[in-house]
Structures are given as structure tokens and as C-alpha cells.
>>> print(open('run_27.txt').read())   # compact mmCIF, C-alpha atoms
# COMPACT_ATOMS: atom_id res chain seq x y z
CA MET A 1 0.00 0.00 0.00
CA VAL A 2 1.41 3.34 -1.12
CA GLY A 3 1.23 6.11 1.45
CA GLU A 4 -0.31 9.49 0.71
CA ALA A 5 3.00 11.28 1.36
CA GLN A 6 4.86 9.11 -1.11
CA LYS A 7 2.06 9.47 -3.66
CA ARG A 8 2.19 13.25 -3.25
CA LYS A 9 5.97 13.25 -3.85
CA LEU A 10 5.46 11.15 -6.98
CA TYR A 11 2.77 13.51 -8.27
CA ASN A 12 4.92 16.58 -7.62
CA ALA A 13 7.88 15.01 -9.41
CA ALA A 14 5.73 14.13 -12.46
CA SER A 15 3.98 17.49 -12.62
CA LYS A 16 7.15 19.56 -12.18
CA GLY A 17 9.34 17.47 -14.48
CA ASP A 18 11.78 16.30 -11.78
CA VAL A 19 13.10 13.15 -13.45
CA THR A 20 15.75 12.59 -10.76
CA GLN A 21 13.21 12.63 -7.95
CA LEU A 22 10.91 10.35 -9.96
CA LEU A 23 13.62 7.74 -10.60
CA GLN A 24 14.70 7.88 -6.99
CA LEU A 25 11.16 7.19 -5.79
CA VAL A 26 10.74 4.35 -8.27
CA GLU A 27 14.06 2.85 -7.24
CA GLU A 28 12.87 2.81 -3.61
CA ASP A 29 9.54 1.23 -4.62
CA PRO A 30 9.23 -0.17 -8.19
CA TYR A 31 5.49 -0.63 -7.66
CA LEU A 32 5.00 3.15 -7.93
CA VAL A 33 5.39 3.18 -11.70
CA HIS A 34 3.00 0.29 -12.20
CA GLY A 35 0.09 0.58 -9.80
CA VAL A 36 -0.20 4.11 -8.43
CA SER A 37 -3.49 5.82 -9.31
CA PHE A 38 -4.15 9.53 -8.89
CA PRO A 39 -7.53 11.32 -8.79
CA CYS A 40 -9.86 10.44 -11.70
CA SER A 41 -7.96 7.15 -12.05
CA ARG A 42 -5.05 8.85 -13.80
CA ASN A 43 -1.54 7.44 -13.96
CA LEU A 44 1.88 9.08 -14.23
CA LEU A 45 1.55 9.58 -17.99
CA HIS A 46 -1.75 11.41 -17.57
CA VAL A 47 -0.16 13.74 -15.01
CA ALA A 48 2.96 14.38 -17.10
CA ALA A 49 0.90 14.98 -20.27
CA THR A 50 -1.35 17.42 -18.44
CA HIS A 51 1.61 19.50 -17.28
CA GLY A 52 3.61 19.17 -20.50
CA GLN A 53 6.55 17.28 -18.95
CA ALA A 54 8.10 15.44 -21.92
CA PRO A 55 11.15 14.12 -19.97
CA ILE A 56 8.84 12.48 -17.42
CA VAL A 57 6.84 10.87 -20.24
CA GLU A 58 10.00 9.48 -21.78
CA ALA A 59 11.22 8.12 -18.43
CA VAL A 60 7.89 6.51 -17.55
CA LEU A 61 7.55 4.93 -20.99
CA SER A 62 10.99 3.38 -20.61
CA LEU A 63 9.89 1.86 -17.28
CA ASN A 64 6.35 0.80 -18.21
CA PRO A 65 5.18 1.52 -21.80
CA ARG A 66 1.83 -0.19 -21.12
CA LEU A 67 0.71 2.88 -19.16
CA ALA A 68 0.15 4.60 -22.53
CA GLN A 69 -2.76 2.21 -23.12
CA ILE A 70 -4.57 2.90 -19.85
CA SER A 71 -7.43 5.39 -19.70
CA ASP A 72 -8.73 7.41 -16.76
CA SER A 73 -12.26 7.56 -15.33
CA GLN A 74 -13.37 9.65 -18.34
CA LYS A 75 -11.91 7.05 -20.73
CA SER A 76 -9.21 9.51 -21.78
CA SER A 77 -5.83 8.05 -22.60
CA PRO A 78 -2.57 9.99 -22.07
CA LEU A 79 -2.68 10.69 -25.83
CA HIS A 80 -6.09 12.33 -25.39
CA ILE A 81 -4.61 14.58 -22.70
CA ALA A 82 -1.59 15.52 -24.84
CA ALA A 83 -3.89 16.27 -27.80
CA ALA A 84 -6.12 18.45 -25.65
CA GLU A 85 -3.18 20.41 -24.21
CA GLY A 86 -1.34 20.70 -27.53
CA HIS A 87 1.93 19.07 -26.42
CA VAL A 88 3.41 17.87 -29.72
CA GLU A 89 6.56 16.23 -28.32
CA ILE A 90 4.61 14.27 -25.72
CA ALA A 91 2.02 13.20 -28.28
CA SER A 92 4.80 11.96 -30.55
CA LYS A 93 6.31 9.82 -27.78
CA LEU A 94 2.93 8.40 -26.77
CA LEU A 95 2.01 7.68 -30.36
CA SER A 96 5.25 5.74 -30.85
CA ALA A 97 4.58 3.67 -27.72
CA ALA A 98 0.91 2.96 -28.44
CA PRO A 99 -0.19 3.96 -31.99
CA GLU A 100 -3.48 2.10 -31.58
CA MET A 101 -4.62 4.71 -29.02
CA CYS A 102 -5.26 7.06 -31.93
CA TRP A 103 -8.53 5.11 -32.34
CA TRP A 104 -9.47 5.07 -28.64
CA LEU A 105 -12.73 6.86 -27.82
CA ASP A 106 -13.30 8.78 -24.61
CA GLU A 107 -16.66 9.02 -22.84
CA GLN A 108 -17.74 11.71 -25.32
CA GLY A 109 -17.03 9.42 -28.24
CA MET A 110 -13.97 11.38 -29.39
CA ASN A 111 -10.58 10.01 -30.35
CA PRO A 112 -7.37 12.07 -29.99
CA VAL A 113 -7.86 13.53 -33.50
CA HIS A 114 -11.25 14.90 -32.49
CA VAL A 115 -9.83 16.28 -29.25
CA ALA A 116 -7.00 18.05 -31.07
CA ALA A 117 -9.45 19.50 -33.62
CA LYS A 118 -11.82 20.72 -30.92
CA ASN A 119 -8.98 22.58 -29.20
CA GLY A 120 -7.48 23.89 -32.43
CA HIS A 121 -4.06 22.21 -32.22
CA ALA A 122 -3.06 22.01 -35.88
CA GLU A 123 0.43 20.61 -35.19
CA ILE A 124 -1.06 17.73 -33.20
CA LEU A 125 -3.44 17.00 -36.08
CA GLU A 126 -0.62 16.84 -38.59
CA LEU A 127 1.25 14.44 -36.29
CA LEU A 128 -1.73 12.16 -35.65
CA LEU A 129 -2.65 11.97 -39.35
CA LEU A 130 0.92 11.37 -40.50
CA GLU A 131 0.52 7.60 -40.77
CA SER A 132 -3.20 7.36 -41.56
CA SER A 133 -6.14 9.71 -41.97
CA LEU A 134 -8.69 7.04 -41.10
CA PRO A 135 -9.12 8.08 -37.43
CA ALA A 136 -10.27 11.48 -38.67
CA MET A 137 -13.04 9.82 -40.70
CA GLU A 138 -14.77 8.57 -37.54
CA ARG A 139 -18.17 10.20 -36.98
CA LEU A 140 -19.28 11.86 -33.77
CA HIS A 141 -22.67 12.39 -32.13
CA ARG A 142 -25.50 12.70 -34.69
CA GLY A 143 -23.14 11.93 -37.54
CA GLN A 144 -20.97 15.01 -37.25
CA THR A 145 -17.47 14.85 -38.70
CA VAL A 146 -14.23 16.20 -37.30
CA LEU A 147 -14.72 19.16 -39.68
CA HIS A 148 -18.09 19.91 -38.11
CA LEU A 149 -16.31 19.89 -34.76
CA CYS A 150 -13.81 22.50 -35.98
CA VAL A 151 -16.58 24.78 -37.21
CA LYS A 152 -18.64 24.30 -34.05
CA HIS A 153 -15.72 25.42 -31.87
CA ALA A 154 -14.49 28.13 -34.30
CA GLN A 155 -11.13 26.44 -34.95
CA ILE A 156 -10.44 27.82 -38.42
CA ARG A 157 -6.73 26.92 -38.43
CA ALA A 158 -7.43 23.29 -37.56
CA LEU A 159 -10.20 23.26 -40.18
CA LYS A 160 -7.80 24.35 -42.92
CA VAL A 161 -5.30 21.64 -41.98
CA LEU A 162 -7.97 18.95 -42.06
CA VAL A 163 -9.50 20.17 -45.33
CA GLU A 164 -6.10 19.81 -47.01
CA LYS A 165 -5.86 16.20 -45.83
CA LEU A 166 -9.55 15.22 -45.96
CA GLY A 167 -10.84 17.12 -48.96
CA GLU A 168 -13.55 14.55 -49.72
CA LEU A 169 -15.05 15.08 -46.25
CA VAL A 170 -15.81 18.76 -46.88
CA CYS A 171 -19.22 18.03 -48.40
CA ALA A 172 -20.25 15.52 -45.71
CA LYS A 173 -23.55 16.02 -43.89
CA ASP A 174 -24.55 15.12 -40.35
CA ASP A 175 -27.75 13.29 -39.42
CA ASP A 176 -29.71 16.54 -39.79
CA GLY A 177 -28.40 17.07 -43.33
CA GLU A 178 -26.26 20.00 -42.17
CA THR A 179 -23.06 20.77 -44.05
CA LEU A 180 -20.13 22.82 -42.76
CA LEU A 181 -21.66 25.91 -44.37
CA HIS A 182 -24.98 25.42 -42.58
CA LEU A 183 -23.18 25.08 -39.25
CA ALA A 184 -20.92 28.08 -39.89
CA VAL A 185 -23.98 30.25 -40.51
CA ARG A 186 -25.69 28.99 -37.36
CA CYS A 187 -22.55 29.75 -35.34
CA ASN A 188 -22.23 33.21 -36.92
CA GLN A 189 -18.65 32.62 -38.12
CA LEU A 190 -17.85 35.08 -40.87
CA GLU A 191 -14.23 33.96 -41.36
CA THR A 192 -15.25 30.32 -41.66
CA ILE A 193 -18.00 31.15 -44.18
CA GLN A 194 -15.55 33.14 -46.26
CA TYR A 195 -13.09 30.24 -46.25
CA LEU A 196 -15.76 27.67 -47.13
CA VAL A 197 -17.31 29.58 -50.03
CA GLU A 198 -13.85 30.02 -51.54
CA ASN A 199 -13.34 26.25 -51.33
CA THR A 200 -14.68 24.90 -54.64
CA ALA A 201 -15.43 21.49 -53.09
CA VAL A 202 -18.13 22.91 -50.83
CA GLU A 203 -21.69 22.62 -52.17
CA LYS A 204 -23.18 26.07 -51.65
CA GLN A 205 -26.77 25.16 -52.57
CA THR A 206 -27.04 21.99 -50.48
CA ARG A 207 -30.25 21.78 -48.43
CA ASN A 208 -30.52 20.24 -44.98
CA SER A 209 -33.22 17.83 -43.83
CA MET A 210 -35.57 20.80 -43.44
CA GLY A 211 -35.00 21.79 -47.06
CA LYS A 212 -33.07 24.96 -46.23
CA THR A 213 -29.88 26.34 -47.71
CA ALA A 214 -27.24 28.23 -45.75
CA LEU A 215 -28.59 31.53 -47.07
CA GLN A 216 -32.11 30.70 -45.91
CA ILE A 217 -30.79 29.83 -42.45
CA LEU A 218 -29.02 33.19 -42.33
CA ASN A 219 -32.24 35.02 -43.22
CA GLU A 220 -34.04 33.23 -40.38
CA SER A 221 -31.26 33.55 -37.80
CA PRO A 222 -31.48 35.76 -34.67
CA PRO A 223 -30.30 39.38 -34.89
CA THR A 224 -26.57 40.03 -35.20
CA THR A 225 -24.40 43.01 -36.05
CA ALA A 226 -25.46 44.68 -39.29
CA ALA A 227 -21.95 44.61 -40.78
CA THR A 228 -21.42 40.90 -40.11
CA TYR A 229 -24.87 40.00 -41.41
CA SER A 230 -24.37 42.02 -44.58
CA GLN A 231 -20.99 40.45 -45.29
CA MET A 232 -22.25 36.92 -44.74
CA LYS A 233 -25.30 37.53 -46.89
CA ASN A 234 -23.19 38.93 -49.73
CA LEU A 235 -20.88 35.91 -49.60
CA LEU A 236 -23.74 33.41 -49.65
CA ARG A 237 -25.78 35.35 -52.19
CA ASN A 238 -22.86 35.52 -54.62
CA GLN A 239 -22.39 31.80 -54.25
CA SER A 240 -26.11 31.11 -54.55
CA ASN A 241 -26.29 32.34 -58.11
CA GLU A 242 -24.82 29.31 -59.80
CA SER A 243 -23.58 29.84 -63.34
CA PHE A 244 -24.55 27.67 -66.27
CA LEU A 245 -21.09 26.13 -66.08
CA GLU A 246 -21.99 24.74 -62.61
CA VAL A 247 -25.58 23.82 -63.44
CA LEU A 248 -24.99 22.06 -66.76
CA PRO A 249 -23.07 19.04 -65.42
CA LYS A 250 -25.87 18.42 -62.91
CA MET A 251 -28.48 18.63 -65.69
CA SER A 252 -26.56 16.60 -68.28
CA ASP A 253 -28.62 13.45 -67.69
CA VAL A 254 -31.94 15.27 -68.07
CA THR A 255 -30.64 17.16 -71.11
CA MET A 256 -29.57 13.93 -72.77
CA VAL A 257 -32.97 12.35 -72.22
CA VAL A 258 -34.75 15.38 -73.71
CA VAL A 259 -32.61 15.72 -76.84
CA ILE A 260 -32.60 11.96 -77.50
CA LEU A 261 -36.40 12.00 -77.27
CA ILE A 262 -36.56 14.95 -79.67
CA ALA A 263 -34.19 13.21 -82.10
CA THR A 264 -36.34 10.06 -81.97
CA MET A 265 -39.54 12.04 -82.62
CA ALA A 266 -37.94 13.92 -85.52
CA PHE A 267 -36.62 10.72 -87.10
CA GLN A 268 -39.95 8.94 -86.69
CA GLY A 269 -41.88 11.91 -88.08
CA THR A 270 -39.71 11.93 -91.20
CA VAL A 271 -39.63 8.21 -92.06
CA SER A 272 -43.29 7.69 -91.01
CA PRO A 273 -45.10 10.92 -91.94
CA PRO A 274 -48.77 11.50 -91.04
CA GLY A 275 -51.01 9.64 -93.49
CA GLY A 276 -48.38 7.05 -94.32
CA VAL A 277 -46.81 6.33 -97.75
CA TRP A 278 -48.13 5.24 -101.12
CA GLN A 279 -48.24 1.48 -101.67
CA ASP A 280 -48.37 1.51 -105.51
CA ASP A 281 -46.81 3.21 -108.50
CA THR A 282 -48.90 5.63 -110.57
CA PRO A 283 -48.03 8.50 -112.92
CA SER A 284 -48.49 10.97 -110.04
CA HIS A 285 -46.51 9.12 -107.36
CA ARG A 286 -44.35 6.11 -106.57
CA ALA A 287 -44.54 3.44 -103.90
CA GLY A 288 -42.83 4.51 -100.66
CA GLU A 289 -43.37 8.22 -101.19
CA ALA A 290 -45.22 10.20 -98.52
CA ILE A 291 -48.92 10.68 -99.25
CA LEU A 292 -48.69 14.06 -97.55
CA ALA A 293 -46.09 15.18 -100.12
CA THR A 294 -48.73 14.77 -102.83
CA THR A 295 -51.81 16.03 -101.00
CA HIS A 296 -50.19 18.87 -99.02
CA PRO A 297 -46.78 19.54 -100.60
CA LYS A 298 -46.23 22.91 -98.89
CA VAL A 299 -47.02 21.62 -95.40
CA TYR A 300 -44.92 18.52 -96.07
CA ARG A 301 -41.89 20.64 -96.96
CA HIS A 302 -42.27 22.61 -93.72
CA MET A 303 -42.54 19.39 -91.73
CA VAL A 304 -39.41 17.93 -93.33
CA HIS A 305 -37.48 21.14 -92.70
CA ALA A 306 -38.66 21.28 -89.07
CA ASN A 307 -37.89 17.59 -88.42
CA THR A 308 -34.47 17.86 -90.05
CA THR A 309 -33.66 20.95 -87.98
CA ALA A 310 -34.80 19.25 -84.77
CA PHE A 311 -32.84 16.08 -85.57
CA ALA A 312 -29.63 17.94 -86.47
CA SER A 313 -29.87 20.27 -83.44
CA SER A 314 -30.40 17.30 -81.12
CA LEU A 315 -27.35 15.54 -82.53
CA ILE A 316 -25.26 18.69 -81.97
CA THR A 317 -26.41 18.90 -78.34
CA ILE A 318 -25.75 15.19 -77.75
CA LEU A 319 -22.27 15.52 -79.22
CA LEU A 320 -21.37 18.53 -77.06
CA VAL A 321 -22.78 17.09 -73.82
CA THR A 322 -21.03 13.73 -74.26
CA THR A 323 -17.67 15.41 -74.86
CA GLY A 324 -18.01 17.53 -71.71
CA LEU A 325 -16.92 20.71 -73.49
CA PRO A 326 -19.83 22.88 -72.25
CA ALA A 327 -18.69 22.33 -68.67
CA THR A 328 -15.34 24.00 -69.34
CA HIS A 329 -15.93 26.39 -72.28
CA PHE A 330 -18.64 29.03 -72.31
CA PHE A 331 -18.76 29.09 -76.12
CA TYR A 332 -19.66 25.42 -76.36
CA LEU A 333 -22.15 25.88 -73.53
CA ALA A 334 -23.89 28.64 -75.47
CA VAL A 335 -23.95 26.48 -78.62
CA ALA A 336 -25.41 23.50 -76.72
CA VAL A 337 -28.16 25.59 -75.06
CA TYR A 338 -29.02 27.32 -78.34
CA ALA A 339 -29.14 23.99 -80.22
CA MET A 340 -31.43 22.48 -77.59
CA TRP A 341 -33.88 25.38 -77.83
CA VAL A 342 -33.81 25.22 -81.63
CA ALA A 343 -34.57 21.49 -81.47
CA MET A 344 -37.50 22.06 -79.09
CA THR A 345 -38.91 24.86 -81.26
CA ALA A 346 -38.55 22.84 -84.46
CA ILE A 347 -40.25 19.75 -83.06
CA ALA A 348 -43.10 21.95 -81.79
CA ILE A 349 -43.56 23.39 -85.28
CA SER A 350 -43.58 19.89 -86.75
CA TYR A 351 -46.21 18.81 -84.23
CA VAL A 352 -48.49 21.78 -85.01
CA ALA A 353 -48.18 21.13 -88.76
CA SER A 354 -49.02 17.45 -88.25
CA VAL A 355 -52.11 18.28 -86.21
CA ASP A 356 -53.21 20.77 -88.85
CA VAL A 357 -53.14 18.29 -91.76
CA ILE A 358 -54.64 15.24 -90.02
CA THR A 359 -57.46 16.99 -88.11
CA PRO A 360 -60.83 17.13 -89.93
CA ASN A 361 -62.12 20.24 -88.10
CA LYS A 362 -59.71 22.83 -89.47
CA ARG A 363 -61.41 25.79 -87.82
CA ALA A 364 -61.20 24.38 -84.31
CA HIS A 365 -57.66 23.04 -84.66
CA SER A 366 -56.02 25.51 -87.03
CA VAL A 367 -52.39 26.44 -86.51
CA GLY A 368 -53.41 29.95 -85.51
CA ASN A 369 -55.81 28.74 -82.83
CA VAL A 370 -53.23 26.34 -81.45
CA ILE A 371 -50.61 29.08 -81.26
CA ILE A 372 -53.02 31.46 -79.55
CA MET A 373 -53.95 28.82 -76.97
CA VAL A 374 -50.32 27.95 -76.25
CA VAL A 375 -49.33 31.62 -75.90
CA ALA A 376 -52.28 32.33 -73.59
CA VAL A 377 -51.43 29.41 -71.30
CA ALA A 378 -47.73 30.40 -71.27
CA VAL A 379 -48.52 34.03 -70.43
CA ASN A 380 -50.82 33.03 -67.56
CA LEU A 381 -48.30 30.58 -66.14
CA PHE A 382 -45.53 33.17 -66.41
CA GLY A 383 -47.71 35.76 -64.67
CA LEU A 384 -48.57 33.41 -61.81
CA LEU A 385 -44.96 32.38 -61.41
CA SER A 386 -43.77 36.00 -61.41
CA ALA A 387 -46.38 36.95 -58.80
CA TYR A 388 -45.36 34.03 -56.60
CA VAL A 389 -41.67 34.97 -56.80
CA VAL A 390 -42.36 38.61 -55.95
CA VAL A 391 -44.66 37.83 -53.00
CA ARG A 392 -42.27 35.18 -51.69
CA GLN A 393 -39.36 37.63 -51.83
CA LEU A 394 -41.40 40.28 -50.01
CA TYR A 395 -42.41 37.75 -47.35
CA ARG A 396 -38.81 36.66 -46.75
CA SER A 397 -37.73 40.32 -46.56
CA TRP A 398 -40.46 41.02 -43.99
CA LYS A 399 -39.51 38.00 -41.87
CA SER A 400 -35.84 38.96 -41.95
CA LYS A 401 -36.47 42.57 -40.96
CA LYS A 402 -38.91 41.51 -38.26
CA ARG A 403 -36.37 39.17 -36.66
CA ARG A 404 -33.73 41.87 -36.72
CA GLN A 405 -36.20 44.40 -35.33
CA GLN A 406 -35.57 46.79 -38.19
CA ASP A 407 -37.83 49.78 -38.85
CA LEU A 408 -40.35 49.00 -41.61
CA ALA A 409 -41.75 52.53 -41.88
CA GLY A 410 -39.01 53.63 -44.26
CA ASP A 411 -39.94 51.10 -46.96
CA ALA A 412 -42.01 51.90 -50.03
CA PHE A 413 -45.80 52.10 -49.66
CA ILE A 414 -46.50 48.93 -51.63
CA ARG A 415 -44.03 47.02 -49.45
CA ARG A 416 -45.72 48.27 -46.27
CA VAL A 417 -49.08 47.09 -47.66
CA PHE A 418 -47.72 43.60 -48.14
CA TYR A 419 -46.07 43.69 -44.72
CA TRP A 420 -49.45 44.56 -43.18
CA ILE A 421 -51.11 41.66 -45.02
CA PHE A 422 -48.40 39.26 -43.83
CA GLN A 423 -48.86 40.50 -40.26
CA GLN A 424 -52.62 39.96 -40.42
CA LEU A 425 -52.21 36.47 -41.86
CA GLU A 426 -49.71 35.56 -39.15
CA THR A 427 -52.00 36.91 -36.43
CA ARG A 428 -54.84 34.72 -37.74
CA GLY A 429 -52.58 31.68 -37.77
CA CYS A 430 -52.38 31.42 -41.57
CA LEU A 431 -48.60 31.93 -41.47
CA ARG A 432 -46.13 30.38 -39.08
CA ALA A 433 -45.03 32.83 -36.42
CA ASP A 434 -41.44 33.22 -35.24
CA ARG A 435 -40.43 30.98 -32.38
>>> encode(input="run_27.txt", output="C-alpha cells")
Amino acid sequence: MVGEAQKRKLYNAASKGDVTQLLQLVEEDPYLVHGVSFPCSRNLLHVAATHGQAPIVEAVLSLNPRLAQISDSQKSSPLHIAAAEGHVEIASKLLSAAPEMCWWLDEQGMNPVHVAAKNGHAEILELLLLESSLPAMERLHRGQTVLHLCVKHAQIRALKVLVEKLGELVCAKDDDGETLLHLAVRCNQLETIQYLVENTAVEKQTRNSMGKTALQILNESPPTTAATYSQMKNLLRNQSNESFLEVLPKMSDVTMVVVILIATMAFQGTVSPPGGVWQDDTPSHRAGEAILATTHPKVYRHMVHANTTAFASSLITILLVTTGLPATHFFYLAVAVYAMWVAMTAIAISYVASVDVITPNKRAHSVGNVIIMVVAVAVNLFGLLSAYVVVRQLYRSWKSKKRRQQDLAGDAFIRRVFYWIFQQLETRGCLRADR
């Protein structure tokens, strides 16, 4: 049984870095280095790591290296302590003695990599990830990554180190669908947001499980300083307006389906025209020729021109999309978009001409009536969509200003009218009130 006085001497020697005193005590009683337990079930390595005493760590490891594998009452190993305190030399010695402790989880479910990231010790992170980056891939509570941990605790330097080594983890989501950008907005971290939006691997338009982007979360967040809010909003707004170069690769599959369908329709409309083909030879026609070419030669010529244009334009779009050139060159992007619209317009013209020649009731289904109907429907849909966009933008502006307790009296009259309507609807329970 070790006496309290002797245990106190051993603790003082370990905490103050007195190697001579430590070795003298161990020489008097070898059991001290093997079985002595301090408060919280810590051993000599825990004490030395806490106080940054590298010589003590080296001496203890030479006497009993197995102590590096023992955890305290909080399941923290000596390597956890060194990572938390940022002692690089001690962490290096402990890692050499027990490299498997890099995977050990404490009572919070964190390994030494997580602990170092939480406390912002970039040098420790570089040391721990020198051999393998796999410990950093371990998920935390609710699926958060080590990068989420850096953002949560505002450790931008540690975040940059980890992003360089774990680039593929930048776009990872937690169990709530939150990315690093969502979390940075919630934590009101301007510097982190600026770093993330400049990182091309980060998906700026990703939505969480609630269907919200980072910009929408910012608009709904509690009041903050006007300057910080304005800067964050400008950063997210600039990144929210994705260019065609970013959108096209995501839409390539849909684009291919559309243009292949148009090409198929154009080909079918040409080789199998409305009304079919003649089956016999006569002075006025030959077998295999389109009946429409004889009965309606002018309409038939327009149909052939439209189908040929649609078919050729579709082939151009397919060629460009499959080569990937529109994703890297704006000129080819413009050509592909233009060709797709030409193909859609041409196949629409072919359809209208076909309906015109095969429909008995010409007055009810004339080309002019069809065009008028299509234009009327398009104008109404466009008007409804425009009204929805305007009202939605006004509503979001009202909610944002209301949360930030901004004065609404200075806005234009029409805006104040809409604000009053929104207020009445919210009072009557038709709109969700702020929590």
C-alpha cells in the first residue's frame, strides 16, 4: 500500500518534471510506476501529459510503456490529454509507444484527433494523421465529422489543416443534413464562411433535412451586427447564383434524355409521316413516297425542314454534352443551349403542322388557334410564377427585418401594404409565427 505522502511526492515530481526525484522514488519502490493511481484514475503519464513534462513521459515509458494504453475515469488516454493540451513532443512519444490509441474513444465518443481539432491544435493534427487519416473519418454524435467539430468550436486553423488532408469530407452532412456551411452560418462565423465559399469542393446550394440552404438559415437567424450579417449575406448570395457552367453538369442526364427523345420524334416523323406512304406506283406518285407530299406539298416541306432541324440540333447537343466541353468552355455551352432550344422549337412546329393536316375540323384546330392557346397558357403561367416569386421575396424580406427588429416605416408604400397583409395572416394563424 502506497502512502499518501509518497504518492504526493510522486505527483509533484511528475507534474514539475523532476526526473531525478521520480527515478529515486521508483528505485525505492518499483510498484510506484505500475500501480499508483491519482484522482480520476489517472496514472503518471496522464499527469505528465497534463503538465507538459516530456522528460517524465520518456522516463515513464521506458519503465512501463503499457501505461500509454490505460485510460482514466473519463476514458481519456494519455494521448487524449496531450492532444487536448497541444503538447506535440509528448504526443509523438505516446504515439510511438501505443499507436493504436489514436482510435481510442473517450466518454464523449472522441478520439485524440477529435480532441485536437476541438482545441485547435493544428500541429497535433498533422502528427496524428501522418501515418493514416482514417481516425479522422470517424463520426461523432449525430453523424458530425471532425470538420463539423472544428466549425462548431471556431477552430479555423485546424479546419484548414484537415481540409487539405480530408478534402472529400468537406461536403459531408450530419444526421440533420447539415453541411459545414450550414453550421458556420448557425454559429455566426464570418471567417469560416468566407473560407468555405472560396473552397470549390463545398456545395453552396445543399439543403438540410428541413430543405433549407445556408442563405435561408441566415435570413431566419437571430439578430446580429449589421456589418457581419451584410458580409455573410453577400458571400452566400454571390455563391447562390450558380452559373450555367456549374448547373450544366448536374443537368446533363436530363438534357440527354430530352434531346434523344426529340431526335427520336424527328426521325420517326420523317420516315413515317402523317397519313403514311403510297403502296403503288402511278403516274403521279411512286410506292414509298409520302402521301402528304402529294396532298399537301407545302405543309410537307415545312414538316421535313422542321424535323431535319430538330434532328440535327439534337445531334449537336448530344455531341457537345457527351464530350463535356460545355462544362469547361462558355462558347460550347452557349452552342449547346441554343441547339437544344432550336430542337424544341422545331419539333413543336412539326407537331403543329401534323395536327393541322390530319385533323378534320380545321377551324377548331387551325395552326393559328393552337398558337393562340399555347401563348395564352404560357402568359398566364408566367404571370402566376412571377407573382409568386415577388410575393415570396417580399415575405422573406419582412420576416428577416422583423427578426432583426428593423424599422419598416421607411420602406415603399407597396411594401408596407404587403407587410401589413403578412402581419394579419400571421395573427390569424395562416402563417407560421417566429419561435
>>> atom_distance(input="run_27.txt", atom1="atom CA of A:Lys212", atom2="atom CA of A:Thr179")
11.1 Å
>>> atom_distance(input="run_27.txt", atom1="atom CA of A:Thr359", atom2="atom CA of A:Val379")
26.1 Å
>>> atom_distance(input="run_27.txt", atom1="atom CA of A:Val151", atom2="atom CA of A:Asp176")
15.7 Å
>>> residues_around(input="run_27.txt", residues="A:Trp398", least_positions_apart="6", cutoff="9 Å", atoms="all atoms listed in the file", output="list in words")
Leu408, Arg415, Phe418, Tyr419 and Phe422 of chain A
>>> residues_near_point(input="run_27.txt", point="(-22.3, 23.9, -49.4)", cutoff="7 Å", atoms="all atoms listed in the file", output="mmCIF file with C-alpha atoms, in the frame of the given file")
data_model
loop_
_atom_site.group_PDB
_atom_site.id
_atom_site.type_symbol
_atom_site.label_atom_id
_atom_site.label_comp_id
_atom_site.auth_asym_id
_atom_site.auth_seq_id
_atom_site.Cartn_x
_atom_site.Cartn_y
_atom_site.Cartn_z
ATOM 1 C CA CYS A 171 -19.220 18.030 -48.400
ATOM 2 C CA THR A 179 -23.060 20.770 -44.050
ATOM 3 C CA LEU A 181 -21.660 25.910 -44.370
ATOM 4 C CA VAL A 202 -18.130 22.910 -50.830
ATOM 5 C CA GLU A 203 -21.690 22.620 -52.170
ATOM 6 C CA LYS A 204 -23.180 26.070 -51.650
ATOM 7 C CA GLN A 205 -26.770 25.160 -52.570
ATOM 8 C CA THR A 206 -27.040 21.990 -50.480
#
>>> residues_around(input="run_27.txt", residues="A:Ile316", least_positions_apart="6", cutoff="10 Å", atoms="only C-alpha atoms", output="MDAnalysis selection string")
chainID A and resid 259 310 335:336 339:340 343
>>> residues_around(input="run_27.txt", residues="A:Arg157", least_positions_apart="2", cutoff="8 Å", atoms="all atoms listed in the file", output="list of chain:residue names")
A:Gly120, A:Ala122, A:Gln155, A:Leu159, A:Lys160, A:Val161
>>> write_last_selection(input="run_27.txt", atoms="C-alpha atoms", output="short mmCIF file (atom, residue, chain, number, x, y, z; two decimals), in the coordinates of the input")
data_model
loop_
_atom_site.label_atom_id
_atom_site.label_comp_id
_atom_site.auth_asym_id
_atom_site.auth_seq_id
_atom_site.Cartn_x
_atom_site.Cartn_y
_atom_site.Cartn_z
CA GLY A 120 -7.48 23.89 -32.43
CA ALA A 122 -3.06 22.01 -35.88
CA GLN A 155 -11.13 26.44 -34.95
CA LEU A 159 -10.20 23.26 -40.18
CA LYS A 160 -7.80 24.35 -42.92
CA VAL A 161 -5.30 21.64 -41.98
#
>>> residues_around(input="run_27.txt", residues="A:Leu128", least_positions_apart="2", cutoff="10 Å", atoms="only C-alpha atoms", output="PyMOL selection string")
chain A and resi 79+83+88+91-92+95+99+102+112-113+116+122-126+130-133+135-136
>>> residues_around(input="run_27.txt", residues="A:Pro55", least_positions_apart="4", cutoff="10 Å", atoms="all atoms listed in the file", output="count of residues only")
10
>>> decode(input="run_27.txt", residues="stretch 80-91 of chain A", atoms="N, CA and C atoms", output="short mmCIF file (atom, residue, chain, number, x, y, z; two decimals), in the first residue's frame")
data_model
loop_
_atom_site.label_atom_id
_atom_site.label_comp_id
_atom_site.auth_asym_id
_atom_site.auth_seq_id
_atom_site.Cartn_x
_atom_site.Cartn_y
_atom_site.Cartn_z
N HIS A 80 -4.98 11.37 -25.41
CA HIS A 80 -6.09 12.33 -25.39
C HIS A 80 -5.68 13.61 -24.65
N ILE A 81 -5.02 13.43 -23.51
CA ILE A 81 -4.61 14.58 -22.70
C ILE A 81 -3.60 15.44 -23.46
N ALA A 82 -2.61 14.79 -24.08
CA ALA A 82 -1.59 15.52 -24.84
C ALA A 82 -2.22 16.27 -26.02
N ALA A 83 -3.21 15.62 -26.68
CA ALA A 83 -3.89 16.27 -27.80
C ALA A 83 -4.71 17.47 -27.34
N ALA A 84 -5.32 17.35 -26.18
CA ALA A 84 -6.12 18.45 -25.65
C ALA A 84 -5.25 19.64 -25.24
N GLU A 85 -4.07 19.35 -24.69
CA GLU A 85 -3.18 20.41 -24.21
C GLU A 85 -2.27 20.95 -25.31
N GLY A 86 -2.16 20.23 -26.42
CA GLY A 86 -1.34 20.70 -27.53
C GLY A 86 0.14 20.45 -27.38
N HIS A 87 0.52 19.40 -26.62
CA HIS A 87 1.93 19.07 -26.42
C HIS A 87 2.41 18.10 -27.51
N VAL A 88 3.05 18.66 -28.54
CA VAL A 88 3.41 17.87 -29.72
C VAL A 88 4.46 16.81 -29.38
N GLU A 89 5.49 17.18 -28.63
CA GLU A 89 6.56 16.23 -28.32
C GLU A 89 6.02 15.05 -27.51
N ILE A 90 5.19 15.34 -26.53
CA ILE A 90 4.61 14.27 -25.72
C ILE A 90 3.71 13.38 -26.56
N ALA A 91 2.90 13.98 -27.41
CA ALA A 91 2.02 13.20 -28.28
C ALA A 91 2.82 12.29 -29.20
#
